[in-house]
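Peer 1: Just one file: model_18.cif, with mmCIF, C-alpha atoms.
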```cif
data_structure
loop_
_atom_site.label_atom_id
_atom_site.label_comp_id
_atom_site.auth_asym_id
_atom_site.auth_seq_id
_atom_site.Cartn_x
_atom_site.Cartn_y
_atom_site.Cartn_z
CA MET N 1 56.73 -261.87 -10.57
CA LYS N 2 58.52 -264.59 -12.52
CA PHE N 3 62.23 -264.86 -11.97
CA ASP N 4 64.87 -266.05 -14.37
CA LYS N 5 65.00 -269.85 -14.12
CA GLY N 6 68.75 -269.74 -13.76
CA LEU N 7 68.49 -267.57 -10.67
CA ILE N 8 66.09 -269.98 -9.01
CA ALA N 9 67.98 -273.12 -10.01
CA GLY N 10 71.21 -271.77 -8.61
CA SER N 11 69.71 -271.06 -5.21
CA SER N 12 67.25 -273.97 -4.80
CA THR N 13 69.63 -276.06 -2.74
CA MET N 14 70.36 -273.18 -0.39
CA LEU N 15 66.66 -272.38 -0.06
CA VAL N 16 65.66 -275.97 0.74
CA LEU N 17 68.46 -276.40 3.28
CA SER N 18 67.55 -273.08 4.83
CA LEU N 19 63.93 -274.18 5.27
CA LEU N 20 65.05 -277.26 7.17
CA GLU N 21 67.47 -275.32 9.35
CA ARG N 22 64.55 -274.28 11.51
CA GLY N 23 62.99 -277.73 11.79
CA ASP N 24 62.03 -280.94 10.04
CA MET N 25 59.50 -280.68 7.23
CA TYR N 26 57.80 -282.78 4.57
CA GLY N 27 57.73 -281.86 0.89
CA TYR N 28 54.40 -280.08 0.60
CA GLN N 29 55.08 -278.22 3.82
CA MET N 30 58.33 -276.88 2.33
CA ILE N 31 56.54 -275.61 -0.76
CA GLU N 32 54.03 -273.79 1.41
CA GLU N 33 56.70 -272.35 3.70
CA LEU N 34 58.83 -271.20 0.78
CA ALA N 35 55.88 -269.33 -0.73
CA ARG N 36 54.99 -267.82 2.63
CA ARG N 37 58.47 -266.59 3.53
CA SER N 38 59.05 -265.12 0.08
CA ASN N 39 55.58 -263.56 -0.11
CA ASP N 40 54.89 -265.83 -3.06
CA ALA N 41 57.98 -264.58 -4.89
CA PHE N 42 59.26 -268.14 -5.08
CA GLN N 43 56.70 -270.58 -6.46
CA MET N 44 58.67 -273.45 -7.94
CA LYS N 45 57.09 -276.23 -9.94
CA GLU N 46 56.35 -278.48 -7.00
CA GLY N 47 57.31 -281.78 -8.57
CA THR N 48 60.85 -280.50 -9.08
CA LEU N 49 61.35 -280.27 -5.32
CA TYR N 50 61.54 -284.04 -4.93
CA PRO N 51 64.52 -284.79 -7.15
CA LEU N 52 66.37 -282.12 -5.20
CA LEU N 53 65.36 -283.58 -1.83
CA HIS N 54 66.28 -287.10 -2.89
CA ALA N 55 69.63 -285.98 -4.25
CA LEU N 56 70.43 -284.17 -1.00
CA GLU N 57 69.41 -287.22 1.00
CA LYS N 58 71.50 -289.49 -1.17
CA ASP N 59 74.53 -287.28 -0.53
CA LYS N 60 73.82 -287.35 3.21
CA TYR N 61 72.95 -283.67 3.52
CA LEU N 62 69.49 -284.74 4.69
CA THR N 63 67.95 -287.73 6.40
CA SER N 64 64.29 -288.75 6.32
CA TYR N 65 61.69 -290.60 8.40
CA GLN N 66 57.97 -291.27 8.44
CA GLN N 67 55.76 -289.38 10.86
CA GLU N 68 52.15 -288.34 11.25
CA ALA N 69 51.61 -284.85 9.87
CA PRO N 70 49.21 -282.23 11.36
CA THR N 71 46.74 -283.41 8.73
CA GLY N 72 46.67 -286.77 10.48
CA ARG N 73 48.33 -288.59 7.59
CA GLN N 74 51.73 -290.25 7.47
CA ARG N 75 54.27 -288.13 5.65
CA LYS N 76 57.96 -288.40 4.84
CA TYR N 77 59.83 -285.79 6.87
CA TYR N 78 63.28 -284.49 6.06
CA ARG N 79 65.93 -283.37 8.54
CA LEU N 80 69.10 -281.38 8.02
CA THR N 81 72.26 -283.31 8.90
CA ARG N 82 75.48 -281.83 10.24
CA LYS N 83 76.97 -282.21 6.78
CA GLY N 84 73.93 -280.41 5.37
CA LYS N 85 74.37 -277.56 7.86
CA THR N 86 77.98 -277.16 6.75
CA LEU N 87 76.89 -277.03 3.11
CA LEU N 88 74.20 -274.48 3.95
CA ASP N 89 76.75 -272.24 5.65
CA GLU N 90 79.02 -272.46 2.61
CA LYS N 91 76.13 -271.67 0.28
CA LYS N 92 75.13 -268.69 2.38
CA ALA N 93 78.65 -267.35 2.33
CA GLU N 94 78.84 -267.86 -1.41
CA TRP N 95 75.50 -266.14 -1.90
CA ALA N 96 76.52 -263.22 0.28
CA LYS N 97 79.66 -262.70 -1.76
CA PHE N 98 77.75 -262.99 -5.03
CA HIS N 99 75.05 -260.65 -3.82
CA HIS N 100 77.64 -258.11 -2.70
CA GLY N 101 79.44 -258.33 -6.02
CA VAL N 102 76.27 -257.85 -8.06
CA ASN N 103 75.27 -254.88 -5.97
CA ASP N 104 78.67 -253.32 -6.48
CA VAL N 105 78.35 -253.69 -10.23
CA LEU N 106 74.89 -252.25 -10.29
CA SER N 107 75.93 -249.29 -8.18
CA GLY N 108 79.17 -248.74 -10.12
CA GLY N 109 81.36 -249.35 -7.05
CA ALA N 110 85.19 -249.17 -7.06
CA ASN N 111 85.69 -252.89 -6.35
CA ALA N 112 82.88 -254.05 -8.63
CA LEU N 113 85.11 -256.17 -10.89
CA SER N 114 86.75 -258.19 -8.10
CA PHE N 115 85.05 -261.58 -7.62
CA SER N 116 87.95 -263.40 -5.97
CA MET X 1 35.53 -287.52 -13.38
CA ASN X 2 37.41 -290.53 -14.65
CA ASP X 3 39.38 -288.34 -17.08
CA LYS X 4 40.46 -286.01 -14.26
CA LYS X 5 41.40 -288.82 -11.93
CA ARG X 6 43.31 -290.49 -14.71
CA SER X 7 45.42 -287.35 -15.08
CA ILE X 8 46.85 -287.78 -11.55
CA TRP X 9 47.80 -291.39 -12.18
CA SER X 10 49.20 -290.49 -15.58
CA TRP X 11 51.35 -287.81 -14.03
CA LEU X 12 52.56 -290.19 -11.35
CA ASP X 13 53.19 -292.95 -13.88
CA LEU X 14 55.30 -290.69 -16.06
CA ALA X 15 57.19 -289.17 -13.14
CA THR X 16 58.18 -292.54 -11.64
CA ALA X 17 58.50 -294.70 -14.75
CA GLY X 18 62.26 -294.24 -14.91
CA ILE X 19 62.88 -295.58 -11.40
CA ARG X 20 63.63 -299.22 -12.16
CA PHE X 21 64.15 -300.57 -8.66
CA LYS X 22 60.61 -301.36 -7.59
CA PRO X 23 60.84 -300.57 -3.84
CA ASP X 24 62.28 -297.14 -4.65
CA ARG X 25 59.67 -296.51 -7.34
CA GLU X 26 56.82 -297.35 -4.99
CA ALA X 27 58.21 -295.20 -2.18
CA VAL X 28 58.68 -292.17 -4.44
CA ARG X 29 55.26 -292.64 -5.97
CA GLN X 30 53.72 -292.68 -2.49
CA GLU X 31 55.52 -289.48 -1.53
CA LEU X 32 54.31 -287.70 -4.68
CA THR X 33 50.78 -289.02 -4.16
CA ASP X 34 50.79 -287.65 -0.61
CA HIS X 35 51.87 -284.28 -1.95
CA LEU X 36 49.05 -284.23 -4.48
CA GLU X 37 46.50 -285.25 -1.87
CA ASP X 38 47.57 -282.38 0.39
CA LYS X 39 47.44 -279.96 -2.54
CA ILE X 40 43.95 -281.07 -3.58
CA ALA X 41 42.67 -280.86 0.00
CA ASP X 42 44.06 -277.31 0.30
CA PHE X 43 42.45 -276.18 -2.96
CA GLN X 44 39.07 -277.44 -1.84
CA ARG X 45 39.51 -275.76 1.51
CA ILE X 46 40.58 -272.41 0.03
CA PHE X 47 38.07 -272.53 -2.88
CA PRO X 48 34.93 -274.22 -1.53
CA ASP X 49 33.18 -273.96 -4.90
CA MET X 50 35.96 -275.87 -6.63
CA THR X 51 35.01 -279.45 -7.47
CA ARG X 52 37.34 -282.30 -6.66
CA ALA X 53 38.01 -282.83 -10.35
CA GLU X 54 39.00 -279.19 -10.79
CA ALA X 55 41.22 -279.34 -7.71
CA GLN X 56 42.93 -282.47 -9.04
CA ASP X 57 43.51 -280.89 -12.41
CA ARG X 58 45.02 -277.74 -10.93
CA ALA X 59 47.18 -279.71 -8.48
CA VAL X 60 48.63 -281.76 -11.32
CA SER X 61 49.34 -278.67 -13.41
CA GLU X 62 51.31 -277.10 -10.55
CA MET X 63 53.51 -280.20 -10.19
CA GLY X 64 55.32 -279.39 -13.41
CA ASP X 65 56.37 -281.47 -16.40
CA PRO X 66 56.25 -285.15 -15.33
CA MET X 67 58.83 -286.10 -17.97
CA GLU X 68 61.31 -283.58 -16.62
CA VAL X 69 60.67 -284.66 -13.02
CA GLY X 70 60.88 -288.30 -14.13
CA ARG X 71 64.26 -287.78 -15.79
CA GLU X 72 65.71 -286.25 -12.66
CA LEU X 73 64.29 -288.92 -10.39
CA ALA X 74 65.58 -291.70 -12.64
CA ARG X 75 69.04 -290.11 -12.59
CA ILE X 76 69.09 -290.13 -8.80
CA HIS X 77 67.48 -293.51 -8.15
CA LYS X 78 69.91 -295.86 -9.87
CA PRO X 79 68.62 -299.50 -9.85
CA TRP X 80 72.01 -301.10 -9.32
CA LEU X 81 72.30 -299.56 -5.88
CA GLY X 82 68.98 -301.03 -4.85
CA TYR X 83 69.76 -304.46 -6.29
CA LEU X 84 73.24 -304.37 -4.74
CA TRP X 85 71.72 -303.72 -1.37
CA ARG X 86 69.21 -306.53 -1.82
CA VAL X 87 71.85 -309.00 -3.05
CA SER X 88 74.15 -308.11 -0.19
CA ARG X 89 71.36 -308.82 2.30
CA ILE X 90 70.71 -312.22 0.71
CA LEU X 91 74.42 -313.04 0.65
CA VAL X 92 74.75 -312.24 4.33
CA GLN X 93 71.84 -314.56 5.13
CA VAL X 94 73.33 -317.34 2.99
CA MET X 95 76.73 -316.93 4.62
CA VAL X 96 75.18 -317.12 8.07
CA CYS X 97 73.36 -320.34 7.12
CA VAL X 98 76.52 -321.82 5.65
CA ALA X 99 78.48 -320.91 8.75
CA ILE X 100 75.89 -322.42 11.06
CA VAL X 101 75.48 -325.61 9.07
CA GLY X 102 79.02 -326.07 7.85
CA VAL X 103 81.40 -325.06 10.60
CA PRO X 104 80.56 -327.76 13.14
CA PHE X 105 81.10 -330.56 10.62
CA ARG X 106 83.39 -329.50 7.84
CA SER X 107 86.10 -326.94 7.48
CA ASN X 108 85.44 -326.03 3.82
CA PRO X 109 82.52 -323.59 3.58
CA VAL X 110 82.58 -323.62 -0.23
CA GLU X 111 82.19 -327.37 -0.25
CA ASN X 112 79.44 -327.09 2.36
CA LEU X 113 77.54 -324.62 0.19
CA ARG X 114 78.01 -326.73 -2.94
CA SER X 115 76.75 -329.78 -1.10
CA ALA X 116 73.81 -327.90 0.41
CA LEU X 117 72.73 -326.66 -3.00
CA TRP X 118 73.39 -329.85 -4.99
CA THR X 119 72.06 -332.49 -2.58
CA PRO X 120 68.35 -331.63 -2.94
CA VAL X 121 68.72 -331.65 -6.73
CA GLN X 122 70.47 -334.98 -6.64
CA ASP X 123 67.87 -336.45 -4.25
CA ALA X 124 65.01 -335.32 -6.47
CA TRP X 125 66.68 -336.82 -9.53
CA GLU X 126 67.24 -340.14 -7.80
CA ARG X 127 63.63 -340.30 -6.64
CA TRP X 128 62.45 -339.64 -10.17
CA GLU X 129 64.73 -342.37 -11.50
CA ASN X 130 63.34 -344.77 -8.93
CA ARG X 131 59.79 -344.10 -10.03
CA ALA X 132 60.75 -344.38 -13.67
CA VAL X 133 62.50 -347.73 -13.17
CA SER X 134 59.55 -348.99 -11.11
CA ASP X 135 57.32 -348.20 -14.05
CA VAL X 136 59.63 -350.27 -16.25
CA LEU X 137 59.66 -353.25 -13.86
CA TYR X 138 56.12 -353.15 -12.46
CA GLY X 139 54.01 -350.88 -14.56
CA ASP X 140 52.54 -351.34 -17.94
CA GLY X 141 55.96 -350.72 -19.40
CA GLN X 142 55.09 -347.16 -20.45
CA PRO X 143 56.96 -344.70 -18.23
CA ASP X 144 57.28 -341.02 -19.09
CA TRP X 145 60.02 -341.38 -21.62
CA ASP X 146 60.45 -342.87 -25.07
CA GLY X 147 61.00 -346.58 -25.36
CA GLU X 148 59.36 -349.98 -25.02
CA ARG X 149 59.62 -352.90 -22.66
CA ILE X 150 60.33 -355.96 -24.78
CA ALA X 151 60.70 -358.58 -22.04
CA LEU X 152 59.88 -359.03 -18.36
CA TYR X 153 61.65 -361.45 -16.02
CA SER X 154 61.29 -362.92 -12.54
CA PHE X 155 64.88 -363.97 -11.95
CA GLY X 156 64.87 -365.02 -8.28
CA GLU X 157 68.60 -365.90 -8.32
CA LYS X 158 70.72 -365.66 -5.19
CA ALA X 159 74.45 -365.86 -4.66
CA ARG X 160 76.97 -365.32 -1.89
CA LEU X 161 79.47 -362.50 -2.00
CA GLY X 162 81.79 -362.51 0.98
CA HIS X 163 79.63 -361.97 4.05
CA CYS X 164 76.48 -361.02 2.21
CA THR X 165 73.82 -362.59 0.04
CA ILE X 166 72.88 -360.98 -3.26
CA SER X 167 69.36 -361.54 -4.51
CA VAL X 168 68.04 -360.61 -7.93
CA GLY X 169 64.32 -359.92 -8.22
CA ARG X 170 62.41 -358.71 -11.22
CA GLY X 171 64.06 -357.66 -14.44
CA ALA X 172 63.06 -356.04 -17.70
CA LEU X 173 64.58 -355.54 -21.11
CA TRP X 174 63.97 -352.01 -22.30
CA GLN X 175 64.48 -350.77 -25.83
CA GLU X 176 65.08 -347.09 -26.41
CA GLY X 177 66.23 -345.83 -29.76
CA ASP X 178 69.03 -348.10 -31.01
CA GLY X 179 69.91 -349.43 -27.57
CA THR X 180 68.54 -352.11 -25.28
CA SER X 181 69.04 -351.97 -21.51
CA LEU X 182 68.47 -354.58 -18.86
CA TYR X 183 66.99 -353.38 -15.57
CA VAL X 184 67.20 -355.64 -12.52
CA GLU X 185 66.31 -355.37 -8.86
CA LEU X 186 69.23 -356.16 -6.60
CA ARG X 187 69.23 -356.67 -2.85
CA LEU X 188 72.23 -357.24 -0.57
CA ASP X 189 71.69 -358.78 2.87
CA TYR X 190 74.69 -358.65 5.19
CA ASP X 191 75.53 -361.34 7.76
CA ARG X 192 77.03 -358.53 9.85
CA PRO X 193 74.69 -355.55 9.65
CA TRP X 194 77.45 -353.09 10.53
CA GLU X 195 79.26 -354.03 7.32
CA ALA X 196 76.41 -352.79 5.09
CA GLY X 197 77.67 -349.95 2.89
CA LYS X 198 77.11 -348.35 -0.49
CA GLY X 199 80.72 -348.80 -1.55
CA VAL X 200 80.00 -352.36 -2.69
CA LEU X 201 77.76 -351.04 -5.47
CA PHE X 202 80.63 -349.64 -7.53
CA TYR X 203 82.47 -352.90 -8.32
CA PHE X 204 80.03 -355.00 -10.33
CA TRP X 205 80.59 -355.88 -13.95
CA ALA X 206 78.92 -358.30 -16.35
CA GLU X 207 79.39 -360.39 -19.43
CA ASP X 208 77.00 -362.20 -21.77
CA ASP X 209 77.12 -365.37 -23.82
CA LEU X 210 78.07 -363.42 -26.92
CA GLY X 211 81.39 -362.36 -25.38
CA ASN X 212 80.33 -358.80 -24.58
CA ARG X 213 81.71 -357.23 -21.43
CA TYR X 214 79.92 -354.54 -19.45
CA ASP X 215 82.13 -352.66 -17.01
CA TYR X 216 80.95 -350.44 -14.17
CA ASP X 217 80.16 -347.01 -15.57
CA ARG X 218 77.69 -345.16 -17.73
CA PRO X 219 77.22 -346.74 -20.24
CA GLY X 220 77.84 -350.14 -18.72
CA VAL X 221 76.72 -351.45 -15.39
CA GLY X 222 75.44 -349.06 -12.80
CA TYR X 223 72.70 -348.42 -10.30
CA ARG X 224 69.83 -346.05 -11.06
CA GLY X 225 67.86 -343.97 -8.61
CA GLU X 226 67.79 -344.05 -4.85
CA ILE X 227 69.55 -346.64 -2.75
CA LEU X 228 67.12 -348.04 -0.21
CA GLU X 229 68.71 -349.01 3.07
CA GLY X 230 67.72 -350.89 6.15
CA ILE X 231 69.53 -352.47 9.04
CA GLY X 232 71.96 -354.81 7.38
CA TRP X 233 70.55 -354.56 3.84
CA LEU X 234 70.62 -352.47 0.69
CA ALA X 235 68.26 -352.54 -2.27
CA VAL X 236 68.85 -350.81 -5.58
CA ASN X 237 67.89 -351.00 -9.24
CA TYR X 238 70.71 -351.81 -11.59
CA ARG X 239 70.91 -351.19 -15.29
CA VAL X 240 73.14 -352.81 -17.87
CA ASP X 241 73.40 -350.63 -20.96
CA ASP X 242 73.51 -351.77 -24.59
CA VAL X 243 72.67 -355.39 -23.89
CA SER X 244 72.41 -357.37 -27.09
CA PRO X 245 68.80 -358.55 -27.68
CA GLU X 246 70.27 -361.83 -28.94
CA ALA X 247 72.04 -362.57 -25.65
CA GLU X 248 70.68 -365.63 -23.86
CA TRP X 249 72.28 -365.02 -20.49
CA LEU X 250 74.07 -362.34 -18.52
CA LYS X 251 76.58 -363.17 -15.82
CA LEU X 252 77.14 -360.71 -12.98
CA HIS X 253 80.63 -360.52 -11.50
CA TYR X 254 82.34 -358.58 -8.75
CA MET X 255 85.82 -357.14 -8.54
CA PRO X 256 88.77 -359.43 -9.32
CA GLY X 257 89.67 -361.81 -6.55
CA THR X 258 86.08 -362.31 -5.47
CA ASP X 259 83.90 -365.26 -6.10
CA LEU X 260 80.57 -364.02 -7.40
CA ASP X 261 78.85 -365.94 -10.11
CA LEU X 262 75.30 -364.84 -10.67
CA THR X 263 73.76 -365.83 -13.99
CA LEU X 264 70.55 -364.32 -15.32
CA ASP X 265 68.69 -366.38 -17.90
CA LEU X 266 67.39 -363.97 -20.52
CA THR X 267 65.38 -366.64 -22.34
CA GLU X 268 62.88 -367.28 -19.55
CA VAL X 269 60.54 -364.42 -20.15
CA ARG X 270 57.70 -363.69 -17.73
CA PRO X 271 54.34 -363.88 -19.48
#
```
What is this structure when it is put down as structure tokens?
Peer 2:
Amino acid sequence: MKFDKGLIAGSSTMLVLSLLERGDMYGYQMIEELARRSNDAFQMKEGTLYPLLHALEKDKYLTSYQQEAPTGRQRKYYRLTRKGKTLLDEKKAEWAKFHHGVNDVLSGGANALSFS
Amino acid sequence: MNDKKRSIWSWLDLATAGIRFKPDREAVRQELTDHLEDKIADFQRIFPDMTRAEAQDRAVSEMGDPMEVGRELARIHKPWLGYLWRVSRILVQVMVCVAIVGVPFRSNPVENLRSALWTPVQDAWERWENRAVSDVLYGDGQPDWDGERIALYSFGEKARLGHCTISVGRGALWQEGDGTSLYVELRLDYDRPWEAGKGVLFYFWAEDDLGNRYDYDRPGVGYRGEILEGIGWLAVNYRVDDVSPEAEWLKLHYMPGTDLDLTLDLTEVRP
């Protein structure tokens, strides 16, 4: 199933940070893990992952290092920083509120119009 | 196969072309290459009948639009940050060198740095001048610049100046453009070796039989090239600018109040 690009773009940062919350990963590994956890619902264009990773690293939400991967080759691993964990928590809270609000609208709930 | 392989490199080229700082560009390219290699290996593992070329082609197609990826990467990897980091590293190294070299001897680090940068240039220039003047005095008269030697001399004059003896060796009249210059070898031998110093070289002046005066400066009278030094002696090449070709003699003087009278006969030309 193909999702609206806007939906994916808005949640990419949260998804990437969430992947790294459970452990350090390299780029290709993240793509594979994202597809696995979402049952292939999320299959982003893989090249677009790297600008996102580099931007997060530049803003100190991630750090990186070189390490031998299970394949036996050197790969660039990413790690979530404390600042990145804080951002992830904020994103999750934001998503939860958004998700709740959308559900209320769809179900015709009494507080559906309140987004504040 | 070449077409398929070229598609990977084309994708990588397009995706990284906008990253202008070379170390960043190479690092990002390597990371994307690693990703593609893993993707290709997985395709061939999952689909054993897939050829390497087919796996490469499919891997590239799943990477997305290289132009779009390239635009985003270029936006993030600004070159000025990379160059700033590199320049700052070089500056730190230079400052450390200046501090190590300069602090023990002089208190002005800016002057130390200026001297450290200028001195090699000056030394190289003086060595070149020495070789050039040697060509004028000893060579075939055809050094690496325009002009022509019109006369060669073996002066051999000596004179006393205070506590040292000045000797004049070879000389040459050199014509360049509209001007004629006289080059001479000068040597100063000090009775008291500890008195030898370069300061003496700045106070010579000359006059010729036509009434022309040549003061110390450029143009005028001045030394050219390196000053050779030994214990109690100096040797240097002097040049007198704009000497009249009609002059029959040139008299070398020292600062007022001194008694130097060294006359160079410009009519006795060396064959």
Peer 1: So that I can see what lies close to Arg75 in chain N, please list as JSON, numbers by chain the residues with an atom at most 10 Å from it, counting only C-alpha atoms and leaving out residues fewer than 6 positions away in the same chain.
Peer 2: {"N": [25, 26, 27, 28, 65, 66, 67, 68, 69], "X": [30, 31, 34, 35]}
Peer 1: What are the residues of chain N lining chain X at 6 Å or less? Count only C-alpha atoms, and put the answer as JSON, numbers by chain.
Peer 2: {"N": [28, 45, 46, 47, 48, 51]}
Peer 1: For a quick check of understanding, using only C-alpha atoms, which of X:Arg187, X:Arg170, X:Arg25, X:Arg89 has the smallest distance to Phe155 in chain X?
Peer 2: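 Ranked by minimum distance to Phe155 in chain X, first place goes to X:Arg170.
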Peer 1: Under the PyMOL selection byres ((chain N and resi 80) around 6), which residues of this model are included? Write them out as a ChimeraX atom specification.
Peer 2: /N:20,62,79,81,84
Peer 1: What would the list of residues within 7 Å of (62.2, -345.3, -24.8) (file frame) look like as JSON, numbers by chain, if all atoms listed in the file are what count?
Peer 2: {"X": [145, 146, 147, 148, 175, 176, 177]}
Peer 1: Using CA of Asn212 in chain X and CA of Asn130 in chain X as the two end points, give the distance in Å to one decimal.
Peer 2: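 Calculated distance between CA of Asn212 in chain X and CA of Asn130 in chain X is 27.0 Å.
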Peer 1: Taking all listed atoms of range 41-44 of chain X, build the axis-aligned box, pad each of the six sides by 3 Å, then write its centre and edge lengths in Å to one decimal as lines of an AutoDock Vina configuration file.
Peer 2:
```
center_x = 41.6
center_y = -278.5
center_z = -1.3
size_x = 11.0
size_y = 10.7
size_z = 9.3
```
Peer 1: Skipping near chain neighbours, those fewer than 6 positions away, what residues fall within 10 Å of Asp89 in chain N using all atoms listed in the file, listed as a list in words?
Peer 2: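 Returned residues: Met14, Leu17, Ser18 and Trp95 of chain N.
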Peer 1: Got a sec to resolve the PyMOL selection byres ((chain X and resi 222) around 12) on this structure and send the residues as an NGL selection string?
Peer 2: :X and (181-186 or 200-206 or 214-221 or 223-225 or 227 or 236-241 or 252)
Peer 1: Using all atoms listed in the file, give me every residue within 10 Å of (77.2, -289.1, 10.6) in file coordinates, as an NGL selection string.
Peer 2: :N and (60-61 or 81-83)
Peer 1: So what do you get for CA of Arg270 in chain X versus CA of Arg149 in chain X, distance-wise?
Peer 2: 12.0 Å
Peer 1: Give me the residues near Asp259 in chain X as a ChimeraX atom specification, where near means some atom within 8 Å (using all atoms listed in the file) and where sequence neighbours in that chain fewer than 5 positions away do not count.
Peer 2: /X:161-162,253-254
Peer 1: For the atom pair CA of Ala172 in chain X and CA of Val136 in chain X, what is the interatomic distance in Å to one decimal place?
Peer 2: 6.9 Å
Peer 1: Where does the PyMOL selection byres ((chain X and resi 234) around 9) land in this file, that is, which residues does it pick, as a ChimeraX atom specification?
Peer 2: /X:186-190,196-198,227-233,235-236
Peer 1: What would the file look like if the residues just selected were written as a compact mmCIF listing (two decimals), in the coordinates of the input with C-alpha atoms?
Peer 2:
```txt
# COMPACT_ATOMS: atom_id res chain seq x y z
CA LEU X 186 69.23 -356.16 -6.60
CA ARG X 187 69.23 -356.67 -2.85
CA LEU X 188 72.23 -357.24 -0.57
CA ASP X 189 71.69 -358.78 2.87
CA TYR X 190 74.69 -358.65 5.19
CA ALA X 196 76.41 -352.79 5.09
CA GLY X 197 77.67 -349.95 2.89
CA LYS X 198 77.11 -348.35 -0.49
CA ILE X 227 69.55 -346.64 -2.75
CA LEU X 228 67.12 -348.04 -0.21
CA GLU X 229 68.71 -349.01 3.07
CA GLY X 230 67.72 -350.89 6.15
CA ILE X 231 69.53 -352.47 9.04
CA GLY X 232 71.96 -354.81 7.38
CA TRP X 233 70.55 -354.56 3.84
CA ALA X 235 68.26 -352.54 -2.27
CA VAL X 236 68.85 -350.81 -5.58
```
Peer 1: Find the residues near Ile40 in chain X: any atom within 9 Å, counting all atoms listed in the file, skip ones fewer than 4 places away on the same chain, and give them as a PDB file with C-alpha atoms, in the coordinates of the input.
Peer 2:
```pdb
ATOM      1  CA  HIS X  35      51.870-284.280  -1.950  1.00  0.00           C
ATOM      2  CA  LEU X  36      49.050-284.230  -4.480  1.00  0.00           C
ATOM      3  CA  GLN X  44      39.070-277.440  -1.840  1.00  0.00           C
ATOM      4  CA  ARG X  45      39.510-275.760   1.510  1.00  0.00           C
ATOM      5  CA  ARG X  52      37.340-282.300  -6.660  1.00  0.00           C
ATOM      6  CA  GLU X  54      39.000-279.190 -10.790  1.00  0.00           C
ATOM      7  CA  ALA X  55      41.220-279.340  -7.710  1.00  0.00           C
ATOM      8  CA  GLN X  56      42.930-282.470  -9.040  1.00  0.00           C
ATOM      9  CA  ASP X  57      43.510-280.890 -12.410  1.00  0.00           C
ATOM     10  CA  ARG X  58      45.020-277.740 -10.930  1.00  0.00           C
ATOM     11  CA  ALA X  59      47.180-279.710  -8.480  1.00  0.00           C
TER      12      ALA X  59
END
```
